[in-house]
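Student: Just so it is clear, I am handing over coords_8.cif, which has mmCIF, C-alpha atoms.
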data_coords
#
loop_
_atom_site.label_atom_id
_atom_site.label_comp_id
_atom_site.auth_asym_id
_atom_site.auth_seq_id
_atom_site.Cartn_x
_atom_site.Cartn_y
_atom_site.Cartn_z
CA MET A 23 88.47 59.44 73.58
CA GLY A 24 91.56 58.01 71.85
CA LEU A 25 93.18 61.39 72.29
CA LEU A 26 93.20 60.87 76.03
CA ALA A 27 94.66 57.35 75.99
CA TYR A 28 97.24 56.63 78.65
CA GLY A 29 100.67 55.91 77.18
CA ASP A 30 102.34 56.68 73.85
CA THR A 31 99.18 56.79 71.78
CA GLY A 32 97.35 59.53 73.66
CA TRP A 33 97.73 62.51 75.90
CA GLY A 34 96.19 61.01 79.05
CA ASP A 35 99.43 60.45 80.94
CA GLU A 36 100.91 63.80 79.89
CA LEU A 37 97.81 65.64 81.05
CA PHE A 38 97.75 63.66 84.29
CA PHE A 39 101.29 64.70 85.14
CA ALA A 40 100.56 68.24 83.99
CA THR A 41 97.68 68.34 86.50
CA LEU A 42 100.06 67.21 89.23
CA MET A 43 102.43 69.96 88.13
CA THR A 44 99.65 72.55 88.40
CA LEU A 45 98.88 71.33 91.91
CA ALA A 46 102.57 71.37 92.84
CA VAL A 47 103.15 74.93 91.59
CA ALA A 48 99.95 76.15 93.23
CA SER A 49 100.88 74.53 96.57
CA VAL A 50 104.42 75.89 96.59
CA ALA A 51 103.12 79.33 95.56
CA MET A 52 100.53 79.23 98.33
CA LEU A 53 103.24 78.30 100.85
CA ILE A 54 105.52 81.12 99.68
CA GLY A 55 102.47 83.37 99.92
CA PHE A 56 101.82 82.32 103.53
CA ILE A 57 105.41 83.03 104.52
CA LEU A 58 105.28 86.47 102.87
CA ALA A 59 101.85 87.10 104.39
CA ALA A 60 103.16 86.29 107.89
CA ILE A 61 105.91 88.87 107.40
CA PHE A 62 103.79 91.58 105.83
CA THR A 63 100.82 91.09 108.17
CA SER A 64 103.13 91.81 111.10
CA CYS A 65 104.37 94.85 109.16
CA LYS A 66 100.84 96.08 108.70
CA LEU A 67 99.87 95.49 112.34
CA SER A 68 103.07 97.00 113.65
CA LYS A 69 103.13 100.34 115.45
CA ILE A 70 106.10 101.50 113.41
CA ARG A 71 104.96 103.80 110.60
CA THR A 72 107.63 102.76 108.08
CA LEU A 73 106.71 99.10 108.45
CA ASN A 74 103.02 99.95 107.93
CA LEU A 75 103.92 101.72 104.70
CA ILE A 76 106.02 98.79 103.49
CA GLY A 77 103.12 96.43 104.17
CA SER A 78 100.60 98.62 102.37
CA PHE A 79 102.97 99.13 99.46
CA TYR A 80 103.34 95.37 99.02
CA THR A 81 99.62 94.61 99.05
CA THR A 82 98.71 97.58 96.85
CA VAL A 83 101.29 96.83 94.18
CA PHE A 84 100.80 93.10 93.90
CA ARG A 85 97.02 93.23 94.00
CA GLY A 86 96.84 96.14 91.56
CA VAL A 87 99.26 95.02 88.85
CA PRO A 88 98.28 92.24 86.41
CA GLU A 89 99.60 88.79 87.26
CA LEU A 90 101.09 88.42 83.80
CA LEU A 91 103.24 91.52 84.23
CA VAL A 92 104.60 90.16 87.53
CA ILE A 93 105.40 86.86 85.84
CA TYR A 94 107.25 88.63 83.04
CA LEU A 95 109.21 90.64 85.64
CA PHE A 96 110.49 87.48 87.30
CA PHE A 97 110.81 85.46 84.12
CA PHE A 98 113.01 88.01 82.37
CA GLY A 99 114.32 89.69 85.51
CA GLY A 100 115.24 86.47 87.29
CA SER A 101 117.46 85.10 84.55
CA GLY A 102 118.75 88.59 83.83
CA ALA A 103 119.98 88.94 87.39
CA ILE A 104 121.72 85.57 87.25
CA MET A 105 123.26 86.33 83.86
CA PHE A 106 124.56 89.60 85.25
CA VAL A 107 126.36 87.72 87.98
CA ALA A 108 127.63 85.15 85.49
CA LYS A 109 129.04 87.92 83.29
CA ILE A 110 131.19 89.12 86.15
CA PHE A 111 132.67 85.65 86.26
CA GLY A 112 133.32 85.73 82.53
CA TYR A 113 130.35 83.73 81.22
CA SER A 114 128.21 85.62 78.73
CA GLY A 115 125.85 82.95 77.39
CA TYR A 116 122.13 82.77 78.02
CA ILE A 117 121.10 81.15 81.27
CA GLU A 118 117.55 80.11 81.88
CA ILE A 119 116.49 79.67 85.45
CA ASN A 120 114.14 77.00 86.60
CA ALA A 121 110.64 77.72 85.28
CA PHE A 122 109.07 76.02 88.28
CA LEU A 123 110.72 78.30 90.81
CA THR A 124 110.13 81.43 88.72
CA GLY A 125 106.47 80.52 88.40
CA ALA A 126 105.96 79.50 92.01
CA PHE A 127 107.71 82.64 93.22
CA SER A 128 105.82 85.09 91.02
CA ILE A 129 102.43 83.55 91.76
CA GLY A 130 103.48 83.21 95.41
CA ILE A 131 104.17 86.94 95.72
CA ILE A 132 100.69 87.71 94.36
CA SER A 133 99.05 85.05 96.53
CA GLY A 134 100.92 86.48 99.52
CA ALA A 135 99.44 89.93 98.91
CA TYR A 136 95.91 88.48 99.08
CA SER A 137 96.78 86.31 102.10
CA THR A 138 98.16 89.35 103.92
CA GLU A 139 94.79 91.07 103.65
CA VAL A 140 93.04 87.89 104.78
CA PHE A 141 95.31 87.39 107.82
CA ARG A 142 95.07 91.03 108.80
CA GLY A 143 91.29 90.96 108.60
CA ALA A 144 91.13 87.76 110.65
CA ILE A 145 93.38 89.09 113.41
CA ARG A 146 91.37 92.32 113.51
CA SER A 147 88.17 90.34 114.06
CA ILE A 148 89.52 88.53 117.10
CA ASP A 149 87.99 89.99 120.25
CA LYS A 150 90.26 92.56 121.92
CA GLY A 151 89.55 90.90 125.24
CA GLN A 152 91.64 87.93 124.12
CA PHE A 153 94.75 90.09 123.76
CA GLU A 154 94.08 91.87 127.03
CA ALA A 155 93.43 88.65 128.92
CA ALA A 156 96.65 87.11 127.60
CA ARG A 157 98.61 90.19 128.66
CA VAL A 158 97.00 90.26 132.09
CA LEU A 159 97.98 86.63 132.59
CA GLY A 160 101.56 87.69 131.95
CA PHE A 161 102.09 85.66 128.79
CA LYS A 162 104.91 86.79 126.56
CA LYS A 163 103.90 88.22 123.19
CA LYS A 164 105.48 85.35 121.26
CA PHE A 165 103.71 82.79 123.41
CA TYR A 166 100.21 84.22 123.24
CA TYR A 167 100.46 84.90 119.51
CA TYR A 168 101.39 81.29 118.73
CA LYS A 169 99.13 79.63 121.25
CA ILE A 170 96.09 81.91 121.40
CA ILE A 171 95.83 84.41 118.57
CA ILE A 172 97.09 82.52 115.52
CA PRO A 173 94.99 79.35 116.07
CA GLN A 174 91.84 81.49 116.34
CA MET A 175 92.92 83.61 113.38
CA LEU A 176 93.36 80.56 111.16
CA ARG A 177 89.84 79.39 111.87
CA LEU A 178 88.39 82.79 111.05
CA ALA A 179 90.56 83.10 107.94
CA LEU A 180 89.71 79.67 106.53
CA PRO A 181 86.85 80.68 104.19
CA ASN A 182 88.98 83.47 102.72
CA ILE A 183 92.06 81.24 102.51
CA SER A 184 89.88 78.99 100.38
CA ASN A 185 89.25 81.94 98.04
CA VAL A 186 92.95 82.79 97.86
CA TRP A 187 93.74 79.16 97.05
CA GLN A 188 91.30 79.23 94.14
CA ILE A 189 92.74 82.49 92.82
CA THR A 190 96.23 80.98 93.11
CA LEU A 191 95.17 77.78 91.39
CA LYS A 192 93.74 79.70 88.44
CA ASP A 193 96.74 82.03 88.30
CA THR A 194 99.05 79.08 87.70
CA ALA A 195 97.60 78.85 84.18
CA LEU A 196 99.50 82.04 83.40
CA ILE A 197 102.84 80.40 84.20
CA SER A 198 102.41 78.48 80.96
CA VAL A 199 103.83 81.55 79.17
CA THR A 200 107.21 80.73 80.72
CA GLY A 201 107.18 77.21 79.29
CA LEU A 202 106.50 75.26 82.47
CA VAL A 203 104.53 72.18 81.47
CA GLU A 204 101.40 72.46 83.59
CA ILE A 205 97.80 71.94 82.41
CA MET A 206 97.69 74.94 80.07
CA ARG A 207 101.11 74.38 78.51
CA GLN A 208 100.45 70.67 78.03
CA SER A 209 97.11 71.42 76.38
CA TYR A 210 98.86 73.93 74.15
CA ILE A 211 101.40 71.30 73.10
CA ALA A 212 98.70 68.66 72.55
CA ALA A 213 96.49 71.12 70.67
CA GLY A 214 99.39 72.06 68.43
CA SER A 215 100.38 68.54 67.50
CA THR A 216 96.87 67.14 67.03
CA ARG A 217 95.32 70.33 65.61
CA ASP A 218 92.44 69.90 67.98
CA PRO A 219 92.59 72.97 70.22
CA LEU A 220 88.87 72.98 70.97
CA PHE A 221 89.01 69.55 72.55
CA PHE A 222 92.20 70.08 74.55
CA TYR A 223 91.38 73.53 75.87
CA SER A 224 87.90 72.37 76.85
CA PHE A 225 89.46 69.40 78.57
CA ALA A 226 91.83 71.78 80.38
CA ALA A 227 88.76 73.71 81.53
CA VAL A 228 87.27 70.46 82.85
CA LEU A 229 90.48 69.70 84.74
CA TYR A 230 90.48 73.14 86.37
CA LEU A 231 86.79 72.76 87.25
CA PHE A 232 87.55 69.41 88.83
CA LEU A 233 90.39 70.92 90.88
CA THR A 234 88.27 73.85 92.09
CA PHE A 235 85.36 71.52 92.86
CA LEU A 236 87.64 69.27 94.89
CA SER A 237 89.20 72.21 96.74
CA ILE A 238 85.81 73.60 97.73
CA LYS A 239 84.82 70.19 99.10
CA ILE A 240 88.02 69.88 101.14
CA PHE A 241 87.83 73.43 102.50
CA ASN A 242 84.19 72.94 103.50
CA LYS A 243 85.20 69.84 105.46
CA LEU A 244 88.03 71.73 107.15
CA GLU A 245 85.70 74.59 108.03
CA LYS A 246 83.25 72.18 109.60
CA HIS A 247 86.03 70.44 111.50
CA TYR A 248 87.47 73.64 112.96
CA SER A 249 84.16 75.20 113.92
CA LYS A 250 83.06 72.21 115.97
CA GLY A 251 83.46 74.06 119.25
CA TYR A 252 81.48 77.09 118.13
CA MET B 4 112.23 106.16 79.60
CA ASP B 5 112.07 106.30 75.80
CA SER B 6 109.48 103.57 75.98
CA LEU B 7 107.00 105.67 77.96
CA PRO B 8 105.13 106.99 74.86
CA ARG B 9 104.76 103.45 73.53
CA LEU B 10 103.43 102.23 76.87
CA LEU B 11 101.02 105.15 77.12
CA ASN B 12 99.83 104.46 73.61
CA ALA B 13 99.18 100.81 74.53
CA THR B 14 97.28 101.97 77.60
CA LYS B 15 94.55 103.22 75.26
CA LEU B 16 93.87 99.66 74.13
CA THR B 17 93.87 98.42 77.73
CA ILE B 18 91.33 101.08 78.73
CA GLU B 19 89.22 100.35 75.66
CA LEU B 20 89.20 96.58 76.31
CA THR B 21 88.27 97.17 79.95
CA LEU B 22 85.44 99.62 79.29
CA VAL B 23 83.90 97.72 76.37
CA SER B 24 83.99 94.40 78.28
CA LEU B 25 82.56 95.95 81.43
CA PHE B 26 79.80 97.65 79.44
CA PHE B 27 78.63 94.43 77.75
CA GLY B 28 79.40 92.47 80.91
CA ILE B 29 76.78 94.44 82.86
CA PHE B 30 74.06 93.26 80.47
CA VAL B 31 75.28 89.66 80.66
CA GLY B 32 75.44 89.96 84.44
CA VAL B 33 71.95 91.41 84.82
CA PHE B 34 70.56 88.81 82.42
CA PHE B 35 71.98 85.87 84.37
CA ALA B 36 71.11 87.47 87.72
CA ILE B 37 67.46 87.64 86.58
CA LEU B 38 67.59 84.01 85.37
CA ARG B 39 68.92 83.07 88.79
CA THR B 40 65.80 84.43 90.48
CA SER B 41 63.55 82.53 88.07
CA LYS B 42 61.19 79.91 89.40
CA VAL B 43 61.70 77.78 86.30
CA LYS B 44 64.29 75.22 87.37
CA THR B 45 65.99 74.94 83.96
CA LEU B 46 66.59 78.69 83.75
CA TYR B 47 67.91 78.70 87.30
CA TYR B 48 70.37 75.91 86.54
CA ILE B 49 71.53 77.48 83.28
CA SER B 50 72.51 80.59 85.21
CA TYR B 51 73.98 78.57 88.07
CA TYR B 52 76.25 76.45 85.88
CA TYR B 53 77.18 79.39 83.67
CA SER B 54 78.59 81.24 86.62
CA TYR B 55 80.08 78.08 88.14
CA ILE B 56 82.02 77.18 84.99
CA LEU B 57 83.16 80.70 84.11
CA ARG B 58 84.30 81.40 87.67
CA GLY B 59 85.89 77.98 88.17
CA THR B 60 88.23 78.08 85.19
CA PRO B 61 91.12 80.43 84.41
CA LEU B 62 90.38 83.33 82.06
CA LEU B 63 93.30 82.18 79.92
CA VAL B 64 91.52 78.90 79.15
CA GLN B 65 88.38 80.81 78.18
CA ILE B 66 90.27 83.08 75.76
CA PHE B 67 92.07 80.12 74.21
CA ILE B 68 88.86 78.15 73.73
CA ILE B 69 87.25 81.12 71.99
CA TYR B 70 90.26 82.22 69.94
CA PHE B 71 91.93 78.91 69.02
CA GLY B 72 89.13 76.44 69.73
CA LEU B 73 86.17 77.93 67.88
CA ALA B 74 88.24 78.50 64.74
CA GLN B 75 88.29 74.75 64.37
CA VAL B 76 84.53 74.33 64.10
CA GLU B 77 83.59 74.36 60.46
CA TRP B 78 80.08 75.74 60.70
CA ILE B 79 81.36 78.69 62.71
CA ARG B 80 83.96 79.44 60.07
CA GLU B 81 81.29 79.34 57.42
CA SER B 82 78.79 81.41 59.36
CA ILE B 83 78.57 85.16 59.67
CA LEU B 84 80.00 84.88 63.20
CA TRP B 85 83.38 84.27 61.65
CA ILE B 86 83.77 87.95 60.80
CA PHE B 87 84.02 88.58 64.55
CA LEU B 88 85.65 85.38 65.72
CA LYS B 89 88.63 85.50 63.39
CA GLU B 90 89.77 88.76 64.99
CA PRO B 91 91.78 88.46 68.22
CA TYR B 92 90.27 91.77 69.35
CA SER B 93 86.67 90.61 69.30
CA CYS B 94 87.60 87.20 70.72
CA ALA B 95 89.27 88.91 73.67
CA ILE B 96 86.25 91.18 74.18
CA LEU B 97 83.92 88.17 74.02
CA ALA B 98 85.95 86.20 76.57
CA PHE B 99 86.25 89.18 78.94
CA THR B 100 82.55 89.99 78.61
CA LEU B 101 81.44 86.44 79.38
CA ASN B 102 83.88 86.26 82.28
CA THR B 103 82.99 89.56 83.92
CA GLY B 104 79.33 88.77 83.23
CA ALA B 105 79.60 85.65 85.39
CA TYR B 106 81.20 87.50 88.30
CA SER B 107 78.82 90.46 88.06
CA SER B 108 75.77 88.18 87.92
CA GLU B 109 76.76 86.90 91.37
CA ILE B 110 77.22 90.46 92.63
CA PHE B 111 73.87 91.66 91.25
CA ARG B 112 72.06 88.57 92.47
CA SER B 113 73.23 88.98 96.05
CA ALA B 114 72.42 92.70 95.86
CA PHE B 115 68.82 91.97 94.86
CA GLU B 116 68.56 89.32 97.55
CA THR B 117 69.50 91.77 100.28
CA ILE B 118 66.56 94.05 99.52
CA SER B 119 64.29 93.57 102.50
CA LYS B 120 60.81 92.26 101.90
CA GLY B 121 59.35 95.08 103.96
CA VAL B 122 60.47 97.66 101.41
CA VAL B 123 58.82 95.81 98.57
CA GLU B 124 55.63 95.20 100.56
CA ALA B 125 55.50 98.85 101.60
CA SER B 126 55.75 100.02 98.01
CA GLN B 127 53.14 97.47 96.91
CA SER B 128 50.73 98.69 99.56
CA LEU B 129 51.22 102.21 98.25
CA GLY B 130 49.79 100.92 95.00
CA LEU B 131 52.94 101.46 92.93
CA SER B 132 53.15 99.49 89.71
CA LYS B 133 55.64 96.65 89.29
CA ILE B 134 57.74 98.64 86.83
CA ILE B 135 58.00 101.64 89.12
CA ILE B 136 58.88 99.40 92.07
CA PHE B 137 61.66 97.81 90.02
CA PHE B 138 63.18 100.96 88.55
CA LYS B 139 62.59 103.43 91.35
CA ILE B 140 62.98 101.27 94.42
CA LYS B 141 64.63 97.90 93.83
CA LEU B 142 67.22 99.02 91.27
CA PRO B 143 68.65 102.00 93.22
CA ILE B 144 68.95 99.85 96.35
CA ALA B 145 70.61 97.05 94.40
CA ILE B 146 73.05 99.43 92.69
CA LYS B 147 74.06 100.89 96.02
CA GLN B 148 74.48 97.41 97.52
CA SER B 149 76.62 96.10 94.69
CA LEU B 150 78.92 99.12 94.29
CA PRO B 151 81.84 98.03 96.50
CA ALA B 152 81.94 94.49 95.07
CA TYR B 153 81.48 95.78 91.54
CA GLY B 154 84.39 98.16 92.03
CA ASN B 155 86.59 95.17 92.83
CA GLU B 156 85.31 93.42 89.74
CA MET B 157 86.21 96.45 87.62
CA ILE B 158 89.77 96.30 88.94
CA LEU B 159 89.92 92.54 88.32
CA MET B 160 88.74 93.13 84.76
CA LEU B 161 91.37 95.82 84.23
CA LYS B 162 94.01 93.30 85.30
CA GLY B 163 92.33 90.60 83.25
CA THR B 164 92.72 92.55 80.01
CA SER B 165 96.45 91.85 80.28
CA LEU B 166 95.63 88.39 78.92
CA ALA B 167 94.79 90.00 75.59
CA SER B 168 98.53 89.98 75.02
CA THR B 169 98.42 86.18 74.78
CA VAL B 170 96.31 86.39 71.63
CA THR B 171 98.71 88.80 69.88
CA LEU B 172 97.03 92.04 70.96
CA LEU B 173 99.40 94.83 71.95
CA ASP B 174 97.82 96.12 75.12
CA LEU B 175 99.85 97.63 77.97
CA THR B 176 101.15 94.25 79.15
CA GLY B 177 101.79 93.08 75.58
CA VAL B 178 103.91 96.14 74.78
CA ALA B 179 105.66 95.94 78.14
CA LYS B 180 106.61 92.34 77.43
CA HIS B 181 107.84 93.27 73.98
CA ILE B 182 110.02 96.08 75.35
CA ILE B 183 111.36 93.83 78.12
CA SER B 184 112.32 91.08 75.70
CA THR B 185 114.12 93.47 73.34
CA THR B 186 115.87 95.69 75.88
CA PHE B 187 116.28 93.28 78.82
CA ARG B 188 115.39 96.00 81.30
CA PRO B 189 112.56 94.16 83.13
CA VAL B 190 112.67 96.19 86.33
CA GLU B 191 112.39 99.63 84.72
CA VAL B 192 109.61 98.56 82.37
CA PHE B 193 107.77 96.83 85.22
CA ILE B 194 107.91 100.00 87.31
CA VAL B 195 106.55 102.18 84.49
CA ALA B 196 103.84 99.76 83.28
CA GLY B 197 102.95 98.78 86.84
CA SER B 198 102.54 102.44 87.82
CA ILE B 199 100.19 103.02 84.89
CA TYR B 200 98.05 100.09 86.06
CA LEU B 201 98.12 101.36 89.65
CA ILE B 202 97.02 104.84 88.55
CA MET B 203 94.07 103.29 86.70
CA THR B 204 93.22 101.16 89.75
CA PHE B 205 93.34 104.30 91.86
CA ILE B 206 90.96 106.12 89.50
CA ILE B 207 88.45 103.23 89.54
CA HIS B 208 88.69 103.07 93.32
CA ASN B 209 87.88 106.76 93.71
CA PHE B 210 85.17 106.68 91.06
CA ILE B 211 83.38 103.95 93.03
CA LYS B 212 83.80 105.90 96.25
CA PHE B 213 82.24 108.92 94.55
CA LEU B 214 79.30 106.83 93.33
CA GLU B 215 78.84 105.29 96.77
CA LYS B 216 78.48 108.78 98.22
CA ARG B 217 76.02 109.76 95.55
CA TYR B 218 73.83 106.74 96.15
CA ASP B 219 74.00 107.11 99.90
CA TYR B 220 70.59 108.40 100.92
CA ASN B 221 71.17 108.43 104.64
#
The structure given in the file should be rewritten as structure tokens.
Tutor:
Amino acid sequence: MGLLAYGDTGWGDELFFATLMTLAVASVAMLIGFILAAIFTSCKLSKIRTLNLIGSFYTTVFRGVPELLVIYLFFFGGSGAIMFVAKIFGYSGYIEINAFLTGAFSIGIISGAYSTEVFRGAIRSIDKGQFEAARVLGFKKKFYYYKIIIPQMLRLALPNISNVWQITLKDTALISVTGLVEIMRQSYIAAGSTRDPLFFYSFAAVLYLFLTFLSIKIFNKLEKHYSKGY
Amino acid sequence: MDSLPRLLNATKLTIELTLVSLFFGIFVGVFFAILRTSKVKTLYYISYYYSYILRGTPLLVQIFIIYFGLAQVEWIRESILWIFLKEPYSCAILAFTLNTGAYSSEIFRSAFETISKGVVEASQSLGLSKIIIFFKIKLPIAIKQSLPAYGNEMILMLKGTSLASTVTLLDLTGVAKHIISTTFRPVEVFIVAGSIYLIMTFIIHNFIKFLEKRYDYN
């Protein structure tokens, strides 16, 4: 257990902060995903054909292409785009953009594609009568969506949001290829310097298991809380 | 566009990894699904925790444990297993097989659970033997039940094989990354490689639809 000591002698503190980093990236990615999902769900539910197509295109591409490929696109493409701009201003060196943002954004786009499907499914399963009743009462669309439809949708979507969260959490392991020091990257560093990959990768697995276990517990509590009235 | 032949060539490895892993994964999945229905508590828990651990951790961790981790254990290096485990190819196949096996075991298990008792009782009262009931009645129903979910799992596995590139294999994603890092044309390469993946996803999707129709007795 000396390998996991907290402080200079072991990897305990490094792995602890790496776990926080994993949680931070996953949370930001999930949030970006929600924002994208809100946009693309309204695209998919819209009556305008072009918007429907844009929504379907988004979910098809980002659920059908491997996560790693998307990460490479943003990892190389992101800094490439910035370097292109810098070249115009006369700077031709290599610029690396923040690994955290690249990672959170690429995982967020994927997470958003899954969330879009979840949100759409949840809105579809809300009774049509609710929409009709709101319209009959003369509520404006904005009002009844925020006050009536979305609260109900979130309750229905909760079990699937839990699934998306777990996918997102596990996807963050892939960001390690960009050098962001989260659980996987930290284990890689520790494994390299102690020559004990078996121990550190197994420990990484334990950390991920702990995080998924905890998430399931929290989501179950939330589900219970929000279905009190039903 | 010059890179298209190289990407297509790498697609072969991606397809191979997917098919081989799925093939072995079915056996692993059926095996653990049967354990899950066992009345022996130990067998039940072995299957339960197998699927819990494999589904609760990232595939990347699993590949790294098998490829980097097992190489460290002396008795494995001295055993005959080492012939397989020193190769990144077989390590990737092993990791993918175990992973898809865990997901498919859940799919198969729930498919068997949905078979109504009435069907089984009816066939028993007709005097059919246990083996005939399993192969001619339970299995076709379970296959039909698990098709949509298994189709998703096939697509997930196809995407999962991209992780083979992290253990030096040059699959579609591995070659795409190599081309991106030498040419710095990420968008073009992403579009080409991404389209190849989407075409494969599309084929799997339609294949499953075709099977669903075939197994639809109504």
Student: Can you work out which residues from chain A touch chain B at a cut-off of 9 Å (counting all atoms listed in the file) and hand them back as a PyMOL selection string?
Tutor: chain A and resi 82-83+86-92+94-99+102+188-189+191-196+199+206+217-224+226-235
Student: Could those residues be written to a file, using C-alpha atoms, as a compact mmCIF listing (two decimals), keeping the file's coordinate frame?
Tutor:
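Final file, result_15.txt:
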# COMPACT_ATOMS: atom_id res chain seq x y z
CA THR A 82 98.71 97.58 96.85
CA VAL A 83 101.29 96.83 94.18
CA GLY A 86 96.84 96.14 91.56
CA VAL A 87 99.26 95.02 88.85
CA PRO A 88 98.28 92.24 86.41
CA GLU A 89 99.60 88.79 87.26
CA LEU A 90 101.09 88.42 83.80
CA LEU A 91 103.24 91.52 84.23
CA VAL A 92 104.60 90.16 87.53
CA TYR A 94 107.25 88.63 83.04
CA LEU A 95 109.21 90.64 85.64
CA PHE A 96 110.49 87.48 87.30
CA PHE A 97 110.81 85.46 84.12
CA PHE A 98 113.01 88.01 82.37
CA GLY A 99 114.32 89.69 85.51
CA GLY A 102 118.75 88.59 83.83
CA GLN A 188 91.30 79.23 94.14
CA ILE A 189 92.74 82.49 92.82
CA LEU A 191 95.17 77.78 91.39
CA LYS A 192 93.74 79.70 88.44
CA ASP A 193 96.74 82.03 88.30
CA THR A 194 99.05 79.08 87.70
CA ALA A 195 97.60 78.85 84.18
CA LEU A 196 99.50 82.04 83.40
CA VAL A 199 103.83 81.55 79.17
CA MET A 206 97.69 74.94 80.07
CA ARG A 217 95.32 70.33 65.61
CA ASP A 218 92.44 69.90 67.98
CA PRO A 219 92.59 72.97 70.22
CA LEU A 220 88.87 72.98 70.97
CA PHE A 221 89.01 69.55 72.55
CA PHE A 222 92.20 70.08 74.55
CA TYR A 223 91.38 73.53 75.87
CA SER A 224 87.90 72.37 76.85
CA ALA A 226 91.83 71.78 80.38
CA ALA A 227 88.76 73.71 81.53
CA VAL A 228 87.27 70.46 82.85
CA LEU A 229 90.48 69.70 84.74
CA TYR A 230 90.48 73.14 86.37
CA LEU A 231 86.79 72.76 87.25
CA PHE A 232 87.55 69.41 88.83
CA LEU A 233 90.39 70.92 90.88
CA THR A 234 88.27 73.85 92.09
CA PHE A 235 85.36 71.52 92.86
Student: Quick check, in Å to one decimal: how far apart do CA of Gly100 in chain A and CA of Phe56 in chain A lie?
Tutor: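 Straight-line distance from CA of Gly100 in chain A to CA of Phe56 in chain A works out to 21.5 Å.
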Student: Applied to this file, what does the PyMOL selection byres ((chain B and resi 17) around 9) return in terms of residues, put as a ChimeraX atom specification?
Tutor: /B:13-16,18-22,161,164-165,167,173-176
Student: Give me a file of those residues, with C-alpha atoms, as a PDB file, in the coordinates of the input.
Tutor:
ATOM      1  CA  ALA B  13      99.180 100.810  74.530  1.00  0.00           C
ATOM      2  CA  THR B  14      97.280 101.970  77.600  1.00  0.00           C
ATOM      3  CA  LYS B  15      94.550 103.220  75.260  1.00  0.00           C
ATOM      4  CA  LEU B  16      93.870  99.660  74.130  1.00  0.00           C
ATOM      5  CA  ILE B  18      91.330 101.080  78.730  1.00  0.00           C
ATOM      6  CA  GLU B  19      89.220 100.350  75.660  1.00  0.00           C
ATOM      7  CA  LEU B  20      89.200  96.580  76.310  1.00  0.00           C
ATOM      8  CA  THR B  21      88.270  97.170  79.950  1.00  0.00           C
ATOM      9  CA  LEU B  22      85.440  99.620  79.290  1.00  0.00           C
ATOM     10  CA  LEU B 161      91.370  95.820  84.230  1.00  0.00           C
ATOM     11  CA  THR B 164      92.720  92.550  80.010  1.00  0.00           C
ATOM     12  CA  SER B 165      96.450  91.850  80.280  1.00  0.00           C
ATOM     13  CA  ALA B 167      94.790  90.000  75.590  1.00  0.00           C
ATOM     14  CA  LEU B 173      99.400  94.830  71.950  1.00  0.00           C
ATOM     15  CA  ASP B 174      97.820  96.120  75.120  1.00  0.00           C
ATOM     16  CA  LEU B 175      99.850  97.630  77.970  1.00  0.00           C
ATOM     17  CA  THR B 176     101.150  94.250  79.150  1.00  0.00           C
TER      18      THR B 176
END
Student: So what do you get for CA of Ala98 in chain B versus CA of Ser198 in chain A, distance-wise?
Tutor: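 Result for CA of Ala98 in chain B versus CA of Ser198 in chain A: 18.7 Å, one decimal.
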Student: Quick check on the file I pasted: which residues fall under the PyMOL selection byres ((chain A and resi 135-147) around 10)? Write them as a VMD selection string.
Tutor: chain A and resid 52 55 to 67 77 to 86 130 to 134 148 to 150 171 to 172 174 to 183 185 to 187 189 to 190
Student: Rank B:Thr45, B:Ser128, B:Glu81, B:Thr40 by their smallest atom-to-atom distance to Ser113 in chain B, using all atoms listed in the file, and report the top residue only.
Tutor: B:Thr40
Student: Quick one, how far is CA of Lys42 in chain B from CA of Ile134 in chain B?
Tutor: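 Those two atoms sit 19.2 Å apart.
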